[in-house]
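Just my_file11.cif here, mmCIF, C-alpha atoms and all ligand atoms:
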data_work
#
loop_
_atom_site.label_atom_id
_atom_site.label_comp_id
_atom_site.auth_asym_id
_atom_site.auth_seq_id
_atom_site.Cartn_x
_atom_site.Cartn_y
_atom_site.Cartn_z
CA MET A 1 20.29 10.08 -16.17
CA THR A 2 22.96 12.14 -14.44
CA GLU A 3 26.02 13.18 -16.38
CA PRO A 4 28.54 11.16 -14.29
CA SER A 5 26.54 7.95 -14.67
CA GLU A 6 26.27 8.48 -18.42
CA ARG A 7 30.03 8.95 -18.55
CA LEU A 8 30.59 5.76 -16.52
CA ARG A 9 28.28 3.80 -18.80
CA SER A 10 30.04 4.91 -21.92
CA GLU A 11 33.48 4.24 -20.39
CA LEU A 12 32.33 0.77 -19.31
CA SER A 13 31.04 0.06 -22.81
CA LYS A 14 34.36 1.17 -24.26
CA ALA A 15 36.36 -1.00 -21.82
CA LEU A 16 34.19 -4.00 -22.74
CA ARG A 17 34.65 -3.39 -26.47
CA GLN A 18 38.40 -3.10 -25.97
CA GLY A 19 38.51 -6.21 -23.81
CA LEU A 20 40.10 -4.44 -20.83
CA VAL A 21 39.27 -6.76 -17.95
CA GLU A 22 40.60 -4.73 -15.01
CA GLU A 23 39.17 -1.48 -16.31
CA ALA A 24 35.78 -3.11 -16.93
CA LYS A 25 35.75 -4.48 -13.36
CA ASP A 26 36.73 -1.12 -11.94
CA LEU A 27 34.12 0.81 -13.92
CA THR A 28 31.43 -1.73 -12.98
CA GLN A 29 32.27 -1.20 -9.30
CA GLN A 30 32.22 2.55 -9.77
CA ALA A 31 28.83 2.41 -11.49
CA LEU A 32 27.37 0.31 -8.65
CA SER A 33 28.83 2.69 -6.06
CA ALA A 34 27.17 5.53 -7.95
CA GLY A 35 23.82 3.78 -7.39
CA GLU A 36 23.32 2.12 -10.78
CA ASP A 37 21.01 -0.90 -10.91
CA PRO A 38 22.93 -4.09 -11.83
CA LEU A 39 20.22 -5.51 -14.09
CA ASP A 40 19.88 -2.20 -15.88
CA LEU A 41 23.63 -2.19 -16.51
CA ILE A 42 23.38 -5.71 -17.95
CA GLN A 43 20.45 -4.92 -20.23
CA ASN A 44 21.42 -1.43 -21.30
CA VAL A 45 25.22 -1.48 -21.34
CA LEU A 46 26.50 -5.05 -21.50
CA VAL A 47 24.02 -6.62 -23.92
CA PRO A 48 24.03 -3.78 -26.52
CA THR A 49 27.84 -3.52 -26.32
CA LEU A 50 28.27 -7.24 -26.93
CA SER A 51 25.72 -7.13 -29.75
CA GLU A 52 27.85 -4.45 -31.39
CA VAL A 53 31.00 -6.54 -30.81
CA GLY A 54 29.20 -9.47 -32.45
CA ARG A 55 28.23 -7.29 -35.41
CA GLN A 56 31.83 -6.13 -35.84
CA PHE A 57 33.05 -9.73 -35.67
CA GLN A 58 30.56 -10.79 -38.32
CA ALA A 59 31.61 -7.86 -40.54
CA PHE A 60 35.32 -8.82 -40.17
CA GLU A 61 36.00 -5.46 -38.50
CA ILE A 62 37.43 -7.35 -35.52
CA PHE A 63 38.74 -10.92 -35.21
CA LEU A 64 38.60 -13.83 -32.76
CA PRO A 65 41.20 -12.47 -30.25
CA GLU A 66 39.19 -9.24 -29.89
CA LEU A 67 35.93 -11.19 -29.58
CA MET A 68 37.52 -13.33 -26.86
CA ALA A 69 38.90 -10.33 -25.01
CA ALA A 70 35.49 -8.63 -25.05
CA GLY A 71 33.94 -11.89 -23.80
CA ASP A 72 36.43 -12.06 -20.92
CA ALA A 73 35.83 -8.45 -19.93
CA ALA A 74 32.05 -8.98 -20.07
CA GLN A 75 32.35 -12.09 -17.94
CA ALA A 76 34.42 -10.25 -15.33
CA ALA A 77 31.86 -7.42 -15.21
CA THR A 78 28.91 -9.81 -14.97
CA HIS A 79 30.49 -11.67 -12.03
CA ILE A 80 30.43 -8.40 -10.09
CA LEU A 81 26.89 -7.56 -11.21
CA GLU A 82 25.66 -11.08 -10.41
CA ALA A 83 27.08 -10.87 -6.89
CA GLU A 84 25.21 -7.60 -6.43
CA ILE A 85 21.94 -9.13 -7.67
CA VAL A 86 22.37 -12.08 -5.29
CA ALA A 87 23.08 -9.76 -2.36
CA ALA A 88 19.96 -7.74 -3.08
CA GLY A 89 17.78 -10.86 -3.53
CA GLY A 90 17.56 -13.21 -0.60
CA GLN A 91 14.36 -15.14 -1.33
CA SER A 92 14.58 -18.50 0.36
CA ALA A 93 11.34 -20.34 -0.41
CA SER A 94 11.69 -22.35 -3.59
CA LEU A 95 9.21 -21.63 -6.35
CA GLY A 96 10.43 -24.67 -8.25
CA THR A 97 13.48 -26.41 -9.64
CA ILE A 98 14.99 -25.41 -12.97
CA VAL A 99 17.66 -27.33 -14.85
CA LEU A 100 19.55 -24.81 -16.97
CA GLY A 101 22.29 -25.30 -19.55
CA THR A 102 23.73 -24.12 -22.85
CA VAL A 103 23.06 -26.61 -25.64
CA GLN A 104 25.46 -29.04 -27.27
CA ASN A 105 28.46 -27.55 -29.16
CA ASP A 106 27.73 -24.07 -27.80
CA ILE A 107 30.09 -22.63 -25.20
CA HIS A 108 28.46 -19.19 -24.80
CA ASP A 109 27.42 -18.91 -21.17
CA ILE A 110 27.42 -15.25 -20.14
CA GLY A 111 23.68 -14.92 -20.80
CA LYS A 112 22.91 -18.29 -19.20
CA ASN A 113 24.77 -17.24 -16.05
CA ILE A 114 22.80 -14.01 -15.84
CA VAL A 115 19.55 -15.93 -16.25
CA LYS A 116 20.68 -18.30 -13.49
CA THR A 117 21.48 -15.45 -11.12
CA LEU A 118 18.17 -13.72 -11.67
CA LEU A 119 16.08 -16.88 -11.37
CA SER A 120 17.95 -17.83 -8.16
CA SER A 121 17.46 -14.40 -6.67
CA HIS A 122 13.73 -14.66 -7.43
CA GLY A 123 13.28 -17.87 -5.46
CA PHE A 124 13.93 -20.68 -7.92
CA LYS A 125 16.36 -23.51 -7.24
CA VAL A 126 18.58 -23.50 -10.33
CA ILE A 127 20.68 -26.52 -11.25
CA ASP A 128 23.29 -25.19 -13.68
CA ILE A 129 24.53 -28.06 -15.86
CA GLY A 130 27.00 -25.88 -17.73
CA ARG A 131 27.64 -25.38 -21.42
CA ASP A 132 28.01 -27.70 -24.41
CA VAL A 133 25.39 -29.94 -22.81
CA ALA A 134 24.27 -33.02 -24.74
CA PRO A 135 20.50 -33.70 -24.99
CA SER A 136 20.89 -36.84 -22.83
CA LYS A 137 22.50 -34.75 -20.07
CA PHE A 138 19.49 -32.41 -19.99
CA LEU A 139 17.20 -35.43 -19.61
CA GLU A 140 19.36 -37.10 -16.94
CA ALA A 141 19.57 -33.90 -14.91
CA ALA A 142 15.82 -33.21 -15.21
CA GLU A 143 15.01 -36.70 -13.93
CA ARG A 144 17.66 -36.69 -11.19
CA GLU A 145 16.66 -33.27 -9.88
CA LYS A 146 12.90 -33.80 -10.35
CA ALA A 147 12.88 -30.51 -12.22
CA ASP A 148 9.79 -28.46 -12.91
CA ILE A 149 11.40 -26.59 -15.79
CA VAL A 150 14.18 -27.37 -18.24
CA ALA A 151 15.78 -24.22 -19.67
CA MET A 152 18.06 -24.18 -22.70
CA SER A 153 20.30 -21.37 -23.89
CA ALA A 154 21.55 -21.29 -27.51
CA LEU A 155 23.51 -18.46 -29.11
CA MET A 156 24.32 -19.66 -32.59
CA THR A 157 22.23 -20.57 -35.61
CA THR A 158 24.43 -23.67 -35.84
CA THR A 159 23.47 -24.81 -32.33
CA ARG A 160 19.80 -23.83 -32.47
CA PRO A 161 18.85 -27.31 -33.85
CA ALA A 162 20.17 -28.82 -30.60
CA THR A 163 17.15 -27.30 -28.83
CA ARG A 164 14.92 -29.34 -31.15
CA SER A 165 16.89 -32.57 -30.70
CA THR A 166 16.82 -32.13 -26.92
CA ILE A 167 13.02 -31.74 -26.93
CA ASN A 168 12.74 -34.74 -29.28
CA LEU A 169 14.78 -36.85 -26.87
CA PHE A 170 12.42 -35.97 -24.01
CA THR A 171 9.48 -36.97 -26.24
CA GLU A 172 11.11 -40.26 -27.30
CA ALA A 173 11.84 -41.07 -23.64
CA GLY A 174 8.15 -40.51 -22.78
CA ALA A 175 9.22 -37.69 -20.45
CA ARG A 176 8.11 -34.63 -22.41
CA LEU A 177 4.97 -33.94 -20.38
CA ASN A 178 6.82 -34.18 -17.06
CA TYR A 179 8.57 -30.84 -17.60
CA LYS A 180 8.03 -27.38 -18.96
CA ILE A 181 10.77 -26.72 -21.49
CA ILE A 182 11.83 -23.15 -22.23
CA LEU A 183 14.40 -21.53 -24.51
CA GLY A 184 16.40 -18.35 -24.84
CA GLY A 185 19.55 -16.86 -26.34
CA GLY A 186 20.42 -14.71 -29.30
CA CYS A 187 19.42 -17.13 -32.08
CA ILE A 188 16.05 -18.06 -30.57
CA ASP A 189 12.72 -16.35 -31.02
CA GLN A 190 9.09 -17.11 -30.22
CA ALA A 191 8.47 -18.52 -33.69
CA TRP A 192 11.26 -21.07 -33.26
CA ALA A 193 10.01 -21.99 -29.78
CA ASN A 194 6.53 -22.58 -31.23
CA GLU A 195 7.91 -24.57 -34.14
CA ILE A 196 9.73 -27.08 -31.93
CA GLY A 197 6.94 -27.32 -29.35
CA ALA A 198 8.67 -25.57 -26.44
CA ASP A 199 6.55 -24.27 -23.56
CA GLY A 200 8.02 -20.79 -23.67
CA TYR A 201 10.66 -18.31 -24.78
CA ALA A 202 11.95 -15.10 -23.21
CA ALA A 203 14.22 -12.50 -24.72
CA ASP A 204 16.06 -11.56 -21.54
CA ALA A 205 16.71 -12.62 -17.97
CA ALA A 206 13.87 -10.59 -16.47
CA GLY A 207 11.54 -12.15 -19.04
CA ALA A 208 12.84 -15.58 -18.03
CA VAL A 209 11.76 -14.92 -14.42
CA ASP A 210 8.24 -13.86 -15.48
CA LEU A 211 7.94 -16.86 -17.77
CA CYS A 212 9.06 -19.36 -15.13
CA LYS A 213 6.72 -17.85 -12.52
CA LYS A 214 3.83 -18.21 -14.97
CA LEU A 215 4.75 -21.80 -15.82
CA VAL A 216 4.95 -23.02 -12.21
CA GLN A 217 1.59 -21.44 -11.36
CA ARG A 218 -0.28 -23.56 -13.88
C1 LIG B 301 31.00 -13.01 -26.09
C2 LIG B 301 30.87 -13.86 -27.32
C3 LIG B 301 31.71 -14.98 -27.44
C4 LIG B 301 32.65 -15.44 -26.30
C5 LIG B 301 31.78 -16.24 -25.29
C6 LIG B 301 32.26 -16.16 -23.85
C7 LIG B 301 31.30 -16.86 -22.91
N1 LIG B 301 31.85 -17.42 -21.86
O1 LIG B 301 30.09 -16.90 -23.11
C8 LIG B 301 33.67 -16.33 -27.08
C9 LIG B 301 34.82 -15.48 -27.51
C10 LIG B 301 34.19 -17.56 -26.32
C11 LIG B 301 32.84 -16.70 -28.31
C12 LIG B 301 33.15 -17.78 -29.13
C13 LIG B 301 32.51 -18.02 -30.33
N2 LIG B 301 31.58 -17.27 -30.93
CO1 LIG B 301 30.63 -15.85 -30.02
N3 LIG B 301 29.83 -14.29 -29.44
C14 LIG B 301 29.92 -13.55 -28.35
C15 LIG B 301 28.98 -12.32 -28.44
C16 LIG B 301 29.81 -11.12 -28.86
C17 LIG B 301 28.22 -11.95 -27.17
C18 LIG B 301 27.36 -13.05 -26.53
C19 LIG B 301 26.92 -12.59 -25.15
O2 LIG B 301 27.48 -13.01 -24.14
N4 LIG B 301 25.94 -11.66 -25.10
C20 LIG B 301 25.49 -11.04 -23.84
C21 LIG B 301 24.49 -11.92 -23.14
C22 LIG B 301 24.07 -11.28 -21.82
O3 LIG B 301 23.36 -12.01 -23.99
P1 LIG B 301 22.66 -13.37 -24.37
O4 LIG B 301 23.62 -14.50 -24.34
O5 LIG B 301 21.84 -13.17 -25.58
O6 LIG B 301 21.69 -13.66 -23.13
C23 LIG B 301 20.54 -12.87 -22.81
C24 LIG B 301 19.26 -13.34 -23.53
O7 LIG B 301 19.48 -13.94 -24.78
C25 LIG B 301 18.58 -14.23 -22.53
N5 LIG B 301 18.92 -15.66 -22.48
C26 LIG B 301 20.10 -16.28 -22.68
N6 LIG B 301 20.00 -17.60 -22.45
C27 LIG B 301 18.73 -17.84 -22.08
C28 LIG B 301 18.09 -19.02 -21.73
C29 LIG B 301 16.73 -18.99 -21.41
C30 LIG B 301 16.04 -20.26 -21.05
C31 LIG B 301 16.01 -17.75 -21.46
C32 LIG B 301 14.56 -17.73 -21.17
C33 LIG B 301 16.67 -16.56 -21.80
C34 LIG B 301 18.02 -16.61 -22.10
O8 LIG B 301 18.92 -13.64 -21.29
C35 LIG B 301 20.26 -13.13 -21.32
C36 LIG B 301 20.35 -11.91 -20.46
O9 LIG B 301 19.47 -10.91 -20.84
C37 LIG B 301 27.98 -12.79 -29.54
C38 LIG B 301 27.25 -11.66 -30.28
C39 LIG B 301 25.76 -11.65 -30.02
N7 LIG B 301 25.06 -10.80 -30.73
O10 LIG B 301 25.23 -12.40 -29.21
C40 LIG B 301 28.87 -13.66 -30.42
C41 LIG B 301 28.29 -14.79 -31.32
C42 LIG B 301 27.16 -15.52 -30.56
N8 LIG B 301 29.42 -15.70 -31.49
C43 LIG B 301 29.50 -16.16 -32.68
C44 LIG B 301 30.51 -17.08 -33.13
C45 LIG B 301 30.50 -17.41 -34.61
C46 LIG B 301 31.45 -17.63 -32.24
C47 LIG B 301 32.53 -18.67 -32.57
C48 LIG B 301 32.10 -19.82 -33.51
C49 LIG B 301 33.76 -17.89 -33.13
C50 LIG B 301 34.88 -18.76 -33.65
N9 LIG B 301 35.14 -18.63 -34.92
O11 LIG B 301 35.46 -19.53 -32.91
C51 LIG B 301 32.87 -19.21 -31.16
C52 LIG B 301 31.90 -20.34 -30.76
C53 LIG B 301 32.47 -21.41 -29.96
C54 LIG B 301 31.37 -22.42 -29.55
N10 LIG B 301 31.53 -23.67 -29.93
O12 LIG B 301 30.40 -22.07 -28.92
C55 LIG B 301 28.38 -15.66 -33.57
C56 LIG B 301 27.32 -16.73 -33.85
C57 LIG B 301 26.82 -16.65 -35.27
C58 LIG B 301 25.76 -17.67 -35.53
N11 LIG B 301 26.11 -18.73 -36.21
O13 LIG B 301 24.65 -17.52 -35.13
C59 LIG B 301 27.89 -14.40 -32.80
C60 LIG B 301 26.38 -14.09 -32.98
C61 LIG B 301 28.74 -13.20 -33.33
C62 LIG B 301 28.45 -12.87 -34.77
N12 LIG B 301 27.54 -11.93 -35.02
O14 LIG B 301 29.02 -13.43 -35.64
N13 LIG B 301 31.84 -15.83 -28.52
#
Show me the file's structure as structure tokens.
Ligand code: B12
Amino acid sequence: MTEPSERLRSELSKALRQGLVEEAKDLTQQALSAGEDPLDLIQNVLVPTLSEVGRQFQAFEIFLPELMAAGDAAQAATHILEAEIVAAGGQSASLGTIVLGTVQNDIHDIGKNIVKTLLSSHGFKVIDIGRDVAPSKFLEAAEREKADIVAMSALMTTTRPATRSTINLFTEAGARLNYKIILGGGCIDQAWANEIGADGYAADAAGAVDLCKKLVQR
């Protein structure tokens, strides 16, 4: 990596940690103008920086206002990066329809939005049903949209059980086999996905694309 791009990355990380929205936007633009890849910036600057912010929050080194400011700055940066990913994409044929949302009582949506952008730019029709989505809303949307895949994002150990209750609702409604159901987000791993009978898990947005492509081929 060239020295200027390393400097930009570390300045962007600092602006995110400090919750400086305008500076984060400006540095994101500068990094893109310098030829940086938007997905690489997400995976190698944004995600590790926010993980560190999360660690600091958990360790009481920072408090809710700082967490919120970092979240706002990250959201502002991702809007710019998402627009860049969309502009570079341009696939029009639909590989399948995906209903995507963050589970009940969970309002984290930065990761979900990145997943949405990448899936859309790889040819999937993504119906984003938002955050804090009740199990019944996932089912209604899947049926209404005739979805191929239902994708749930969950960021907190306290909201992870909502992935299980959503799958259970599909089963109780006799609709489980009509859809592939996948999971992701910081508190999810493959073992949890297996335990609750999901059809797949991916650790990041690029992994989500590979997973969905595999699932619609079957
Ligand atoms: C930013 C942030 C916030 C922002 C969210 C802004 C927003 N619009 O999303 C704000 C300030 C609002 C917030 C609030 C809270 N937060 Co918060 N937050 C974070 C933080 C720092 C970063 C999350 C993030 O955006 N990461 C970056 C994105 C890109 O990563 P990602 O979401 O993991 O997504 C990637 C992958 O997981 C994957 N992926 C994501 N979804 C999906 C879905 C599918 C289907 C697939 C395949 C893949 C996939 O792809 C994405 C891209 O690569 C995390 C720390 C952490 N380690 O995650 C804490 C964290 C999640 N928050 C935490 C907490 C406790 C809270 C609050 C309860 C704080 C409070 N006291 O009020 C509230 C929760 C409110 C609620 N009801 O939801 C805790 C949760 C602890 C736990 N129980 O597990 C964490 C872990 C911090 C910590 N270590 O303590 N938070």
Using all atoms listed in the file, determine which residues fall within 6 Å of ligand LIG 301 (chain B), then list them as a PyMOL selection string. chain A and resi 47+50-51+53-55+57-58+67-68+71+105-112+114-115+151-153+155-158+182-186+201-205+208
Would you mind reading off the distance between CA of Leu81 in chain A and CA of Gly96 in chain A, one decimal, in Å?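 Those two atoms sit 23.9 Å apart.
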Between CA of Glu66 in chain A and CA of Leu41 in chain A, what is the spacing in Å? 21.7 Å
With only C-alpha atoms as the atoms that count, which of A:Cys187, A:Glu145, A:Leu8, A:Ser33 lies nearest to Pro161 in chain A?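 Between A:Cys187, A:Glu145, A:Leu8, A:Ser33, the residue approaching Pro161 in chain A most closely is A:Cys187.
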Could you check which residues have any atom within 12 Å of (27.7, -6.1, -15.7), counting only C-alpha atoms with coordinates taken straight from the file, and then list them as JSON, numbers by chain? {"A": [9, 12, 13, 15, 16, 21, 24, 25, 26, 27, 28, 29, 30, 31, 32, 36, 37, 38, 39, 40, 41, 42, 43, 44, 45, 46, 47, 48, 49, 50, 71, 72, 73, 74, 75, 76, 77, 78, 79, 80, 81, 82, 83, 84, 85, 110, 111, 113, 114]}
Protein/DNA/RNA residues near (14.6, -31.4, -22.2), cut 10 Å, all atoms listed in the file, as a PyMOL selection string: chain A and resi 99-100+135-143+149-152+163-171+175-176+178-182+198
In Å, with one decimal, what is the gap from CA of Cys212 in chain A to CA of Asp199 in chain A?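 Separating CA of Cys212 in chain A from CA of Asp199 in chain A is a distance of 10.1 Å.
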Considering all atoms listed in the file, state which residue in the set A:Ala147, A:Ala162, A:Val209, A:Leu215 is at the smallest distance from Ile196 in chain A.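 Of the candidates, the smallest distance to Ile196 in chain A is held by A:Ala162.
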When distances are computed from all atoms listed in the file, which of A:Asp210, A:Val216, A:Lys14, A:Trp192 shows the smallest separation from Glu52 in chain A?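 Between A:Asp210, A:Val216, A:Lys14, A:Trp192, the residue approaching Glu52 in chain A most closely is A:Lys14.
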So, counting only C-alpha atoms, which residue among A:Arg17, A:Gly207, A:Gly101, A:Lys213 is closest to Gly123 in chain A?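 Closest to Gly123 in chain A of all the choices is A:Lys213.
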Using only C-alpha atoms for the distances, tell me which of A:Ala154, A:Ile188, A:Leu118, A:Val126 is nearest to Ala206 in chain A. A:Leu118
Kindly complete range 97-121 of chain A to N, CA and C atoms; the output should be written as a short mmCIF file (atom, residue, chain, number, x, y, z; two decimals), in the frame of the given file.
data_model
loop_
_atom_site.label_atom_id
_atom_site.label_comp_id
_atom_site.auth_asym_id
_atom_site.auth_seq_id
_atom_site.Cartn_x
_atom_site.Cartn_y
_atom_site.Cartn_z
N THR A 97 12.11 -26.06 -9.25
CA THR A 97 13.48 -26.41 -9.64
C THR A 97 13.64 -26.29 -11.15
N ILE A 98 14.73 -25.62 -11.54
CA ILE A 98 14.99 -25.41 -12.97
C ILE A 98 16.36 -25.98 -13.32
N VAL A 99 16.39 -26.85 -14.31
CA VAL A 99 17.66 -27.33 -14.85
C VAL A 99 18.01 -26.43 -16.03
N LEU A 100 19.18 -25.81 -15.96
CA LEU A 100 19.55 -24.81 -16.97
C LEU A 100 20.91 -25.13 -17.58
N GLY A 101 21.00 -25.08 -18.91
CA GLY A 101 22.29 -25.30 -19.55
C GLY A 101 22.33 -24.68 -20.94
N THR A 102 23.56 -24.54 -21.46
CA THR A 102 23.73 -24.12 -22.85
C THR A 102 23.84 -25.39 -23.70
N VAL A 103 23.20 -25.38 -24.86
CA VAL A 103 23.06 -26.61 -25.64
C VAL A 103 24.38 -27.13 -26.22
N GLN A 104 24.30 -28.33 -26.73
CA GLN A 104 25.46 -29.04 -27.27
C GLN A 104 26.22 -28.22 -28.32
N ASN A 105 27.54 -28.24 -28.23
CA ASN A 105 28.46 -27.55 -29.16
C ASN A 105 28.44 -26.03 -29.02
N ASP A 106 27.79 -25.53 -28.00
CA ASP A 106 27.73 -24.07 -27.80
C ASP A 106 28.37 -23.76 -26.45
N ILE A 107 29.41 -22.91 -26.48
CA ILE A 107 30.09 -22.63 -25.20
C ILE A 107 29.76 -21.23 -24.66
N HIS A 108 28.84 -20.51 -25.31
CA HIS A 108 28.46 -19.19 -24.80
C HIS A 108 27.68 -19.36 -23.49
N ASP A 109 28.15 -18.71 -22.43
CA ASP A 109 27.42 -18.91 -21.17
C ASP A 109 27.22 -17.64 -20.36
N ILE A 110 27.59 -16.49 -20.92
CA ILE A 110 27.42 -15.25 -20.14
C ILE A 110 25.93 -15.01 -19.88
N GLY A 111 25.13 -15.13 -20.94
CA GLY A 111 23.68 -14.92 -20.80
C GLY A 111 23.05 -15.96 -19.88
N LYS A 112 23.44 -17.22 -20.06
CA LYS A 112 22.91 -18.29 -19.20
C LYS A 112 23.18 -17.97 -17.72
N ASN A 113 24.42 -17.52 -17.45
CA ASN A 113 24.77 -17.24 -16.05
C ASN A 113 23.95 -16.10 -15.47
N ILE A 114 23.64 -15.12 -16.31
CA ILE A 114 22.80 -14.01 -15.84
C ILE A 114 21.38 -14.52 -15.55
N VAL A 115 20.89 -15.35 -16.45
CA VAL A 115 19.55 -15.93 -16.25
C VAL A 115 19.53 -16.73 -14.94
N LYS A 116 20.59 -17.51 -14.72
CA LYS A 116 20.68 -18.30 -13.49
C LYS A 116 20.62 -17.40 -12.25
N THR A 117 21.42 -16.35 -12.28
CA THR A 117 21.48 -15.45 -11.12
C THR A 117 20.12 -14.84 -10.82
N LEU A 118 19.45 -14.39 -11.89
CA LEU A 118 18.17 -13.72 -11.67
C LEU A 118 17.10 -14.70 -11.20
N LEU A 119 17.07 -15.88 -11.80
CA LEU A 119 16.08 -16.88 -11.37
C LEU A 119 16.34 -17.27 -9.91
N SER A 120 17.62 -17.46 -9.55
CA SER A 120 17.95 -17.83 -8.16
C SER A 120 17.51 -16.73 -7.20
N SER A 121 17.78 -15.49 -7.60
CA SER A 121 17.46 -14.40 -6.67
C SER A 121 15.96 -14.14 -6.61
#
